[in-house]
$ cat upload.txt   # compact mmCIF, C-alpha atoms
# COMPACT_ATOMS: atom_id res chain seq x y z
CA MET A 1047 38.76 33.51 37.51
CA PRO A 1048 41.46 31.30 39.06
CA ALA A 1049 39.98 28.09 40.42
CA ARG A 1050 41.38 28.60 43.91
CA THR A 1051 39.56 31.86 44.51
CA LYS A 1052 36.38 30.74 42.88
CA GLN A 1053 35.14 28.69 45.82
CA SER A 1054 35.46 31.46 48.38
CA LEU A 1055 34.16 34.19 46.13
CA GLU A 1056 31.31 32.22 44.66
CA LYS A 1057 28.84 33.33 47.28
CA ASN A 1058 29.62 37.00 46.73
CA ILE A 1059 29.62 36.99 42.98
CA PRO A 1060 26.36 38.21 41.58
CA LYS A 1061 24.95 35.48 39.40
CA GLU A 1062 24.15 36.74 35.97
CA LEU A 1063 22.45 35.52 32.89
CA VAL A 1064 22.29 37.02 29.43
CA ILE A 1065 19.81 35.83 26.84
CA ILE A 1066 19.72 37.33 23.36
CA ARG A 1067 16.80 36.62 21.06
CA THR A 1068 15.73 37.98 17.72
CA PHE A 1069 12.13 38.29 16.69
CA GLN A 1070 10.69 38.80 13.24
CA ALA A 1071 8.74 41.77 14.47
CA PRO A 1072 9.21 45.53 14.75
CA ARG A 1073 10.58 46.81 18.03
CA ALA A 1074 7.41 48.72 18.95
CA LEU A 1075 5.43 45.50 18.77
CA VAL A 1076 7.89 43.58 20.94
CA PHE A 1077 8.01 46.43 23.45
CA LYS A 1078 4.21 46.47 23.60
CA ALA A 1079 4.19 42.73 24.31
CA TRP A 1080 6.40 43.46 27.32
CA THR A 1081 4.44 46.40 28.68
CA ASP A 1082 0.80 45.51 28.11
CA PRO A 1083 -0.47 43.25 30.96
CA LYS A 1084 -2.93 41.52 28.63
CA GLN A 1085 -0.09 40.58 26.28
CA ILE A 1086 2.20 39.51 29.12
CA ALA A 1087 -0.40 36.93 30.09
CA LYS A 1088 -0.12 35.46 26.57
CA TRP A 1089 3.51 34.45 26.82
CA TRP A 1090 4.94 34.75 30.34
CA GLY A 1091 6.20 31.48 31.80
CA PRO A 1092 7.43 28.15 30.46
CA ARG A 1093 5.28 25.99 28.23
CA GLY A 1094 2.51 24.32 30.15
CA PHE A 1095 2.04 27.34 32.41
CA ALA A 1096 -0.68 29.96 32.21
CA SER A 1097 -0.17 33.33 33.82
CA THR A 1098 -2.79 35.47 35.46
CA VAL A 1099 -1.55 39.03 35.55
CA THR A 1100 -3.04 41.08 38.37
CA LYS A 1101 -0.66 43.98 38.06
CA TRP A 1102 1.84 44.93 35.39
CA ASP A 1103 2.24 48.65 35.71
CA ALA A 1104 5.03 49.49 33.27
CA ARG A 1105 6.01 52.88 34.71
CA PRO A 1106 8.99 53.71 36.92
CA GLY A 1107 7.91 52.60 40.39
CA GLY A 1108 4.99 50.60 38.99
CA SER A 1109 4.43 47.19 40.49
CA ILE A 1110 4.21 43.67 39.13
CA ARG A 1111 1.97 40.95 40.43
CA LEU A 1112 1.19 37.77 38.60
CA GLU A 1113 0.60 34.12 39.16
CA MET A 1114 1.93 31.28 37.03
CA CYS A 1115 -0.09 28.10 37.14
CA GLY A 1116 0.81 24.78 35.59
CA HIS A 1117 1.78 21.18 36.25
CA GLY A 1118 -0.37 21.30 39.39
CA MET A 1119 1.61 24.18 40.85
CA SER A 1120 1.05 27.84 41.35
CA HIS A 1121 3.85 30.38 41.52
CA PRO A 1122 3.07 33.93 42.59
CA MET A 1123 5.49 36.57 41.41
CA GLY A 1124 6.01 40.20 42.22
CA GLY A 1125 8.29 43.01 41.18
CA VAL A 1126 8.79 46.69 40.56
CA PHE A 1127 9.61 48.62 37.39
CA ARG A 1128 12.63 50.86 37.62
CA GLU A 1129 13.03 52.19 34.10
CA VAL A 1130 10.68 52.25 31.17
CA VAL A 1131 12.08 53.82 28.00
CA SER A 1132 9.77 53.16 25.09
CA PRO A 1133 10.54 51.29 22.88
CA GLU A 1134 14.12 50.50 23.78
CA ARG A 1135 14.66 49.64 27.41
CA LEU A 1136 12.97 48.09 30.44
CA VAL A 1137 14.46 47.62 33.88
CA PHE A 1138 12.48 45.82 36.54
CA THR A 1139 12.92 43.57 39.53
CA THR A 1140 11.13 40.26 39.91
CA THR A 1141 10.54 38.44 43.16
CA SER A 1142 9.42 34.85 43.29
CA PHE A 1143 9.16 31.67 45.37
CA GLU A 1144 7.69 33.31 48.41
CA ASP A 1145 7.82 31.67 51.84
CA GLU A 1146 4.84 31.52 54.23
CA LYS A 1147 5.46 35.10 55.27
CA GLY A 1148 5.47 36.30 51.70
CA ASN A 1149 9.23 36.92 51.59
CA PRO A 1150 10.66 36.03 48.21
CA LYS A 1151 13.45 33.46 48.03
CA LEU A 1152 14.54 34.76 44.68
CA GLU A 1153 14.95 38.35 43.63
CA ASN A 1154 16.32 39.38 40.27
CA LEU A 1155 17.09 42.59 38.48
CA ASN A 1156 16.13 42.33 34.84
CA THR A 1157 17.23 44.67 32.08
CA VAL A 1158 15.69 44.18 28.67
CA THR A 1159 16.90 46.17 25.69
CA PHE A 1160 15.42 46.17 22.22
CA GLU A 1161 17.20 47.05 19.00
CA GLU A 1162 15.62 47.03 15.58
CA LEU A 1163 17.18 46.42 12.22
CA ASN A 1164 15.07 46.05 9.08
CA GLY A 1165 11.98 45.06 10.98
CA ILE A 1166 13.81 42.47 13.06
CA THR A 1167 14.16 43.09 16.76
CA GLU A 1168 17.11 41.95 18.80
CA GLN A 1169 16.14 41.62 22.40
CA THR A 1170 18.75 41.30 25.12
CA LEU A 1171 17.76 40.21 28.58
CA HIS A 1172 20.32 40.69 31.31
CA VAL A 1173 19.43 39.11 34.63
CA VAL A 1174 21.35 39.82 37.82
CA VAL A 1175 20.40 37.68 40.78
CA LEU A 1176 20.05 39.97 43.78
CA LYS A 1177 18.98 37.31 46.22
CA SER A 1178 18.56 33.56 46.12
CA SER A 1179 18.30 30.66 48.53
CA PRO A 1180 19.11 26.97 48.03
CA GLU A 1181 15.46 25.95 47.76
CA VAL A 1182 15.15 28.07 44.65
CA ALA A 1183 17.17 25.57 42.63
CA GLN A 1184 14.76 22.79 43.40
CA ALA A 1185 11.70 24.92 42.81
CA LEU A 1186 13.01 26.08 39.46
CA ALA A 1187 13.98 22.55 38.53
CA GLY A 1188 10.45 21.47 39.29
CA MET A 1189 9.08 24.03 36.87
CA ASN A 1190 11.17 22.87 33.97
CA VAL A 1191 9.50 19.56 33.39
CA GLY A 1192 10.48 19.28 29.77
CA TRP A 1193 14.02 20.37 30.45
CA ASN A 1194 14.37 17.79 33.22
CA GLN A 1195 13.24 15.04 30.91
CA THR A 1196 15.82 16.13 28.38
CA LEU A 1197 18.50 16.09 31.05
CA ASP A 1198 17.43 12.69 32.31
CA ARG A 1199 17.85 11.39 28.80
CA LEU A 1200 21.23 13.09 28.53
CA MET A 1201 22.42 11.55 31.78
CA GLU A 1202 21.16 8.17 30.65
CA PHE A 1203 23.05 8.54 27.42
CA VAL A 1204 26.16 9.84 29.10
CA LEU A 1205 26.37 7.09 31.69
CA LYS A 1206 25.19 4.27 29.46
CA PRO A 1207 27.91 1.64 29.05
CA ALA A 1208 29.44 2.11 25.61
CA MET B 244 32.26 31.26 34.04
CA THR B 245 29.42 28.78 34.26
CA ASN B 246 29.67 28.29 30.54
CA ASP B 247 33.37 27.48 30.74
CA HIS B 248 32.59 24.88 33.34
CA LEU B 249 29.85 23.46 31.23
CA SER B 250 32.04 23.37 28.15
CA ALA B 251 34.68 21.41 30.05
CA THR B 252 32.07 19.01 31.35
CA PHE B 253 30.48 18.43 27.99
CA ALA B 254 33.84 18.20 26.21
CA ALA B 255 34.88 15.52 28.66
CA LEU B 256 31.60 13.71 28.10
CA ALA B 257 31.91 13.85 24.34
CA ASP B 258 34.22 10.83 24.18
CA PRO B 259 32.68 7.31 24.36
CA THR B 260 35.67 5.86 26.25
CA ARG B 261 35.37 8.54 28.88
CA ARG B 262 31.63 8.00 29.18
CA SER B 263 32.29 4.32 29.59
CA ILE B 264 34.84 5.05 32.33
CA LEU B 265 32.31 7.25 34.12
CA SER B 266 29.71 4.59 33.75
CA ARG B 267 31.99 2.04 35.45
CA LEU B 268 32.71 4.47 38.26
CA THR B 269 29.02 4.80 39.11
CA ASN B 270 29.48 1.52 41.03
CA GLY B 271 32.21 3.00 43.21
CA GLU B 272 35.95 3.48 43.35
CA VAL B 273 38.03 1.66 40.74
CA SER B 274 41.79 1.58 40.25
CA VAL B 275 43.36 2.77 37.01
CA LYS B 276 44.56 -0.73 36.23
CA GLU B 277 41.08 -2.14 36.66
CA LEU B 278 39.64 0.66 34.59
CA ALA B 279 42.05 -0.04 31.77
CA ARG B 280 41.30 -3.76 31.64
CA PRO B 281 38.13 -3.79 29.48
CA PHE B 282 39.62 -1.35 27.00
CA ASN B 283 42.09 -2.43 24.44
CA MET B 284 44.31 0.37 25.57
CA SER B 285 47.62 1.03 27.20
CA LEU B 286 47.71 2.40 30.70
CA PRO B 287 49.08 5.77 29.51
CA ALA B 288 46.21 6.04 27.03
CA VAL B 289 43.68 5.42 29.77
CA SER B 290 45.53 7.82 32.01
CA LYS B 291 45.15 10.48 29.37
CA HIS B 292 41.39 10.07 29.42
CA LEU B 293 41.43 10.12 33.20
CA ARG B 294 43.34 13.36 33.15
CA VAL B 295 40.66 14.96 30.98
CA LEU B 296 37.96 13.71 33.33
CA GLU B 297 39.92 14.87 36.33
CA ARG B 298 40.49 18.31 34.87
CA SER B 299 36.80 18.68 34.08
CA GLY B 300 36.16 17.78 37.70
CA LEU B 301 34.08 14.74 36.82
CA ILE B 302 36.32 12.36 38.75
CA VAL B 303 38.71 12.59 41.65
CA ARG B 304 41.81 10.50 42.03
CA SER B 305 43.29 9.60 45.33
CA ARG B 306 46.76 11.05 45.84
CA ALA B 307 47.56 8.62 48.61
CA ALA B 308 47.59 5.22 47.02
CA GLN B 309 50.08 4.34 44.37
CA TRP B 310 47.42 2.74 42.21
CA ARG B 311 45.38 5.91 42.42
CA PRO B 312 41.79 4.79 42.50
CA CYS B 313 39.27 6.96 40.71
CA ARG B 314 35.97 8.12 42.03
CA LEU B 315 33.09 9.75 40.23
CA LYS B 316 32.29 13.26 41.27
CA ALA B 317 28.74 14.27 40.70
CA ARG B 318 29.11 17.98 41.26
CA PRO B 319 30.02 19.07 37.71
CA LEU B 320 27.14 17.02 36.38
CA LYS B 321 24.93 18.74 38.88
CA GLU B 322 26.44 22.03 37.85
CA ALA B 323 25.51 21.20 34.30
CA VAL B 324 21.99 21.36 35.59
CA ASP B 325 22.76 24.45 37.64
CA TRP B 326 19.71 26.32 38.75
CA LEU B 327 20.71 29.30 36.68
CA GLU B 328 20.42 27.03 33.68
CA HIS B 329 16.92 26.20 34.85
CA TYR B 330 16.21 29.88 35.07
CA ARG B 331 17.60 30.35 31.57
CA GLN B 332 15.20 27.65 30.42
CA PHE B 333 12.36 29.52 32.07
CA TRP B 334 13.12 32.53 29.92
CA GLU B 335 13.92 30.62 26.74
CA GLU B 336 10.55 28.90 26.91
CA SER B 337 8.81 32.18 27.67
CA PHE B 338 10.53 33.73 24.66
CA ASP B 339 9.49 30.82 22.45
CA ARG B 340 5.96 31.66 23.44
CA LEU B 341 6.58 35.38 22.90
CA ASP B 342 7.89 34.57 19.43
CA ASP B 343 4.77 32.53 18.63
CA TYR B 344 2.60 35.31 19.99
CA LEU B 345 4.36 38.00 17.93
CA GLN B 346 3.98 35.95 14.77
CA GLU B 347 0.34 35.36 15.55
CA ILE B 348 -0.57 39.01 16.15
CA GLN B 349 1.30 40.05 13.03
CA ARG B 350 -0.68 37.56 11.00
CA THR B 351 -4.00 38.70 12.42
CA ASN B 352 -3.13 42.41 12.28
CA LYS B 353 -2.05 42.37 8.65
CA PRO B 354 -4.52 43.96 6.25
CA LYS B 355 -6.31 41.00 4.77
CA LYS B 356 -6.72 42.57 1.34
CA LYS B 357 -5.92 39.50 -0.69
CA GLN B 358 -8.00 37.23 1.42
CA THR B 359 -10.98 39.58 1.33
CA GLN B 360 -10.74 39.77 -2.42
CA LYS B 361 -10.53 36.03 -2.65
CA ASN B 362 -13.55 35.67 -0.44
CA LYS B 363 -15.42 38.19 -2.57
CA SER B 364 -14.62 36.42 -5.77
CA ILE B 365 -15.79 33.13 -4.29
CA LYS B 366 -19.01 34.82 -3.37
$ encode --input "upload.txt" --output "structure tokens"
Amino acid sequence: MPARTKQSLEKNIPKELVIIRTFQAPRALVFKAWTDPKQIAKWWGPRGFASTVTKWDARPGGSIRLEMCGHGMSHPMGGVFREVVSPERLVFTTTSFEDEKGNPKLENLNTVTFEELNGITEQTLHVVVLKSSPEVAQALAGMNVGWNQTLDRLMEFVLKPA
Amino acid sequence: MTNDHLSATFAALADPTRRSILSRLTNGEVSVKELARPFNMSLPAVSKHLRVLERSGLIVRSRAAQWRPCRLKARPLKEAVDWLEHYRQFWEESFDRLDDYLQEIQRTNKPKKKQTQKNKSIK
């Protein structure tokens, strides 16, 4: 994108994120870990957070409700499943960082696809940000304690007189 | 798009002279001549580094004055810590945990034939 149009368009461009990971596990197992609420609770959230899953109804139209607790904070999250194609595809929205009225400040559309080759699963997560507000940045930054420390060190290194 | 930005930022930061220039600019505006002084470098050589920093958006140079003072611009550094990157980190860490979990359940779910036999023989 040319730099001159970037500024004006920035607000209208859907923010996207793609994360590809491979797991030494068959696809069915990975898919189960994404669709079973008990298993979600085992891994959902950054390190140092524990998730309590109230609802994780992996069916089209099924709802999501969980709470991530850690570092003295609690983050409720919601969402709705749109597509569930076992064991290859999941589409769901997530809503987080709710204000006092329960309106989310961040809403994302997540598509996860799973492909298996020789017992190894390649998982692709595609996130499209549907809605976000400036406070989200700070809130997310606050969650990534370890990451922030790494960045602090990077900045220190970068700006240290040679 | 974000990645291109980040690449430019980090590429600009990869050079010790450029980091040193940035470090000096944290105290405020400095002219090119002043910037060049501590380095055993010609003005054109310093200018070349400044161009890289300028292109990456890490500094701005005044167009008005002939001596073109340089100023540090924090935005690209902030962009390097863009909230989407924080969100990425959220998922990466979750997936690290998912990976651990998948390994763990595969270990515990595996038929423990060998181990059982071992245990039996010990008994």
$ atom_distance --input "upload.txt" --atom1 "CA of Thr1098 in chain A" --atom2 "CA of Pro1150 in chain A"
18.5 Å
$ closest_residue --input "upload.txt" --among "A:Gly1148, A:Gly1116, A:Pro1106, A:Pro1083" --to "Arg1128 in chain A" --atoms "all atoms listed in the file"
A:Pro1106
$ residues_around --input "upload.txt" --residues "Phe1138 in chain A" --least-positions-apart "4" --cutoff "7 Å" --atoms "all atoms listed in the file" --output "short mmCIF file (atom, residue, chain, number, x, y, z; two decimals) with C-alpha atoms, in the frame of the given file"
data_model
loop_
_atom_site.label_atom_id
_atom_site.label_comp_id
_atom_site.auth_asym_id
_atom_site.auth_seq_id
_atom_site.Cartn_x
_atom_site.Cartn_y
_atom_site.Cartn_z
CA GLY A 1125 8.29 43.01 41.18
CA VAL A 1126 8.79 46.69 40.56
CA PHE A 1127 9.61 48.62 37.39
CA ARG A 1128 12.63 50.86 37.62
CA GLU A 1129 13.03 52.19 34.10
CA LEU A 1155 17.09 42.59 38.48
CA ASN A 1156 16.13 42.33 34.84
CA THR A 1157 17.23 44.67 32.08
#
$ closest_atom_pairs --input "upload.txt" --of "chain B" --to "chain A" --cutoff "10 Å" --atoms "only C-alpha atoms" --output "CSV"
residue,atom,partner,partner_atom,distance
B:Met244,CA,A:Met1047,CA,7.7
B:Thr245,CA,A:Lys1061,CA,9.6
B:Phe253,CA,A:Val1204,CA,9.7
B:Leu256,CA,A:Val1204,CA,6.8
B:Ala257,CA,A:Val1204,CA,8.5
B:Asp258,CA,A:Val1204,CA,9.5
B:Pro259,CA,A:Ala1208,CA,6.3
B:Thr260,CA,A:Ala1208,CA,7.3
B:Arg261,CA,A:Val1204,CA,9.3
B:Arg262,CA,A:Val1204,CA,5.8
B:Ser263,CA,A:Pro1207,CA,5.2
B:Ile264,CA,A:Pro1207,CA,8.4
B:Leu265,CA,A:Leu1205,CA,6.4
B:Ser266,CA,A:Leu1205,CA,4.7
B:Arg267,CA,A:Pro1207,CA,7.6
B:Leu268,CA,A:Leu1205,CA,9.5
B:Thr269,CA,A:Leu1205,CA,8.2
B:Leu320,CA,A:Met1201,CA,8.6
B:Ala323,CA,A:Leu1197,CA,9.3
B:Val324,CA,A:Leu1197,CA,7.8
B:Asp325,CA,A:Ala1183,CA,7.6
B:Trp326,CA,A:Ala1183,CA,4.7
B:Leu327,CA,A:Leu1063,CA,7.5
B:Glu328,CA,A:Leu1063,CA,8.8
B:His329,CA,A:Ala1187,CA,6.0
B:Tyr330,CA,A:Leu1186,CA,6.6
B:Arg331,CA,A:Leu1063,CA,7.2
B:Gln332,CA,A:Asn1190,CA,7.2
B:Phe333,CA,A:Pro1092,CA,5.4
B:Trp334,CA,A:Pro1092,CA,7.2
B:Glu335,CA,A:Ile1065,CA,7.9
B:Glu336,CA,A:Pro1092,CA,4.8
B:Ser337,CA,A:Gly1091,CA,4.9
B:Phe338,CA,A:Trp1089,CA,7.4
B:Asp339,CA,A:Trp1089,CA,8.2
B:Arg340,CA,A:Trp1089,CA,5.0
B:Leu341,CA,A:Trp1089,CA,5.1
B:Asp342,CA,A:Phe1069,CA,6.3
B:Asp343,CA,A:Trp1089,CA,8.5
B:Tyr344,CA,A:Trp1089,CA,6.9
B:Leu345,CA,A:Ala1071,CA,6.7
B:Gln346,CA,A:Gln1070,CA,7.4
B:Ile348,CA,A:Leu1075,CA,9.2
B:Gln349,CA,A:Ala1071,CA,7.8
$ atom_distance --input "upload.txt" --atom1 "CA of His1172 in chain A" --atom2 "CA of Thr1139 in chain A"
11.4 Å
$ closest_residue --input "upload.txt" --among "A:Met1123, A:Val1130, A:Cys1115, A:Leu1163" --to "Lys1101 in chain A" --atoms "only C-alpha atoms"
A:Met1123
$ atom_distance --input "upload.txt" --atom1 "CA of Lys353 in chain B" --atom2 "CA of Thr1170 in chain A"
26.6 Å
$ residues_near_point --input "upload.txt" --point "(39.6, 15.1, 33.0)" --cutoff "10 Å" --atoms "only C-alpha atoms" --output "MDAnalysis selection string"
chainID B and resid 251:252 254:256 261 290:303
$ write_last_selection --input "upload.txt" --atoms "C-alpha atoms" --output "CSV table (one decimal), in the coordinates of the input"
chain,number,residue,atom,x,y,z
B,251,ALA,CA,34.7,21.4,30.0
B,252,THR,CA,32.1,19.0,31.4
B,254,ALA,CA,33.8,18.2,26.2
B,255,ALA,CA,34.9,15.5,28.7
B,256,LEU,CA,31.6,13.7,28.1
B,261,ARG,CA,35.4,8.5,28.9
B,290,SER,CA,45.5,7.8,32.0
B,291,LYS,CA,45.2,10.5,29.4
B,292,HIS,CA,41.4,10.1,29.4
B,293,LEU,CA,41.4,10.1,33.2
B,294,ARG,CA,43.3,13.4,33.2
B,295,VAL,CA,40.7,15.0,31.0
B,296,LEU,CA,38.0,13.7,33.3
B,297,GLU,CA,39.9,14.9,36.3
B,298,ARG,CA,40.5,18.3,34.9
B,299,SER,CA,36.8,18.7,34.1
B,300,GLY,CA,36.2,17.8,37.7
B,301,LEU,CA,34.1,14.7,36.8
B,302,ILE,CA,36.3,12.4,38.8
B,303,VAL,CA,38.7,12.6,41.6
$ residues_around --input "upload.txt" --residues "Ser274 in chain B" --least-positions-apart "2" --cutoff "12 Å" --atoms "all atoms listed in the file" --output "count of residues only"
25
$ axis_aligned_box --input "upload.txt" --around "range 285-294 of chain B" --padding-each-side "6 Å" --output "JSON"
{"center_x": 45.2, "center_y": 7.2, "center_z": 30.1, "size_x": 19.7, "size_y": 24.3, "size_z": 18.2}
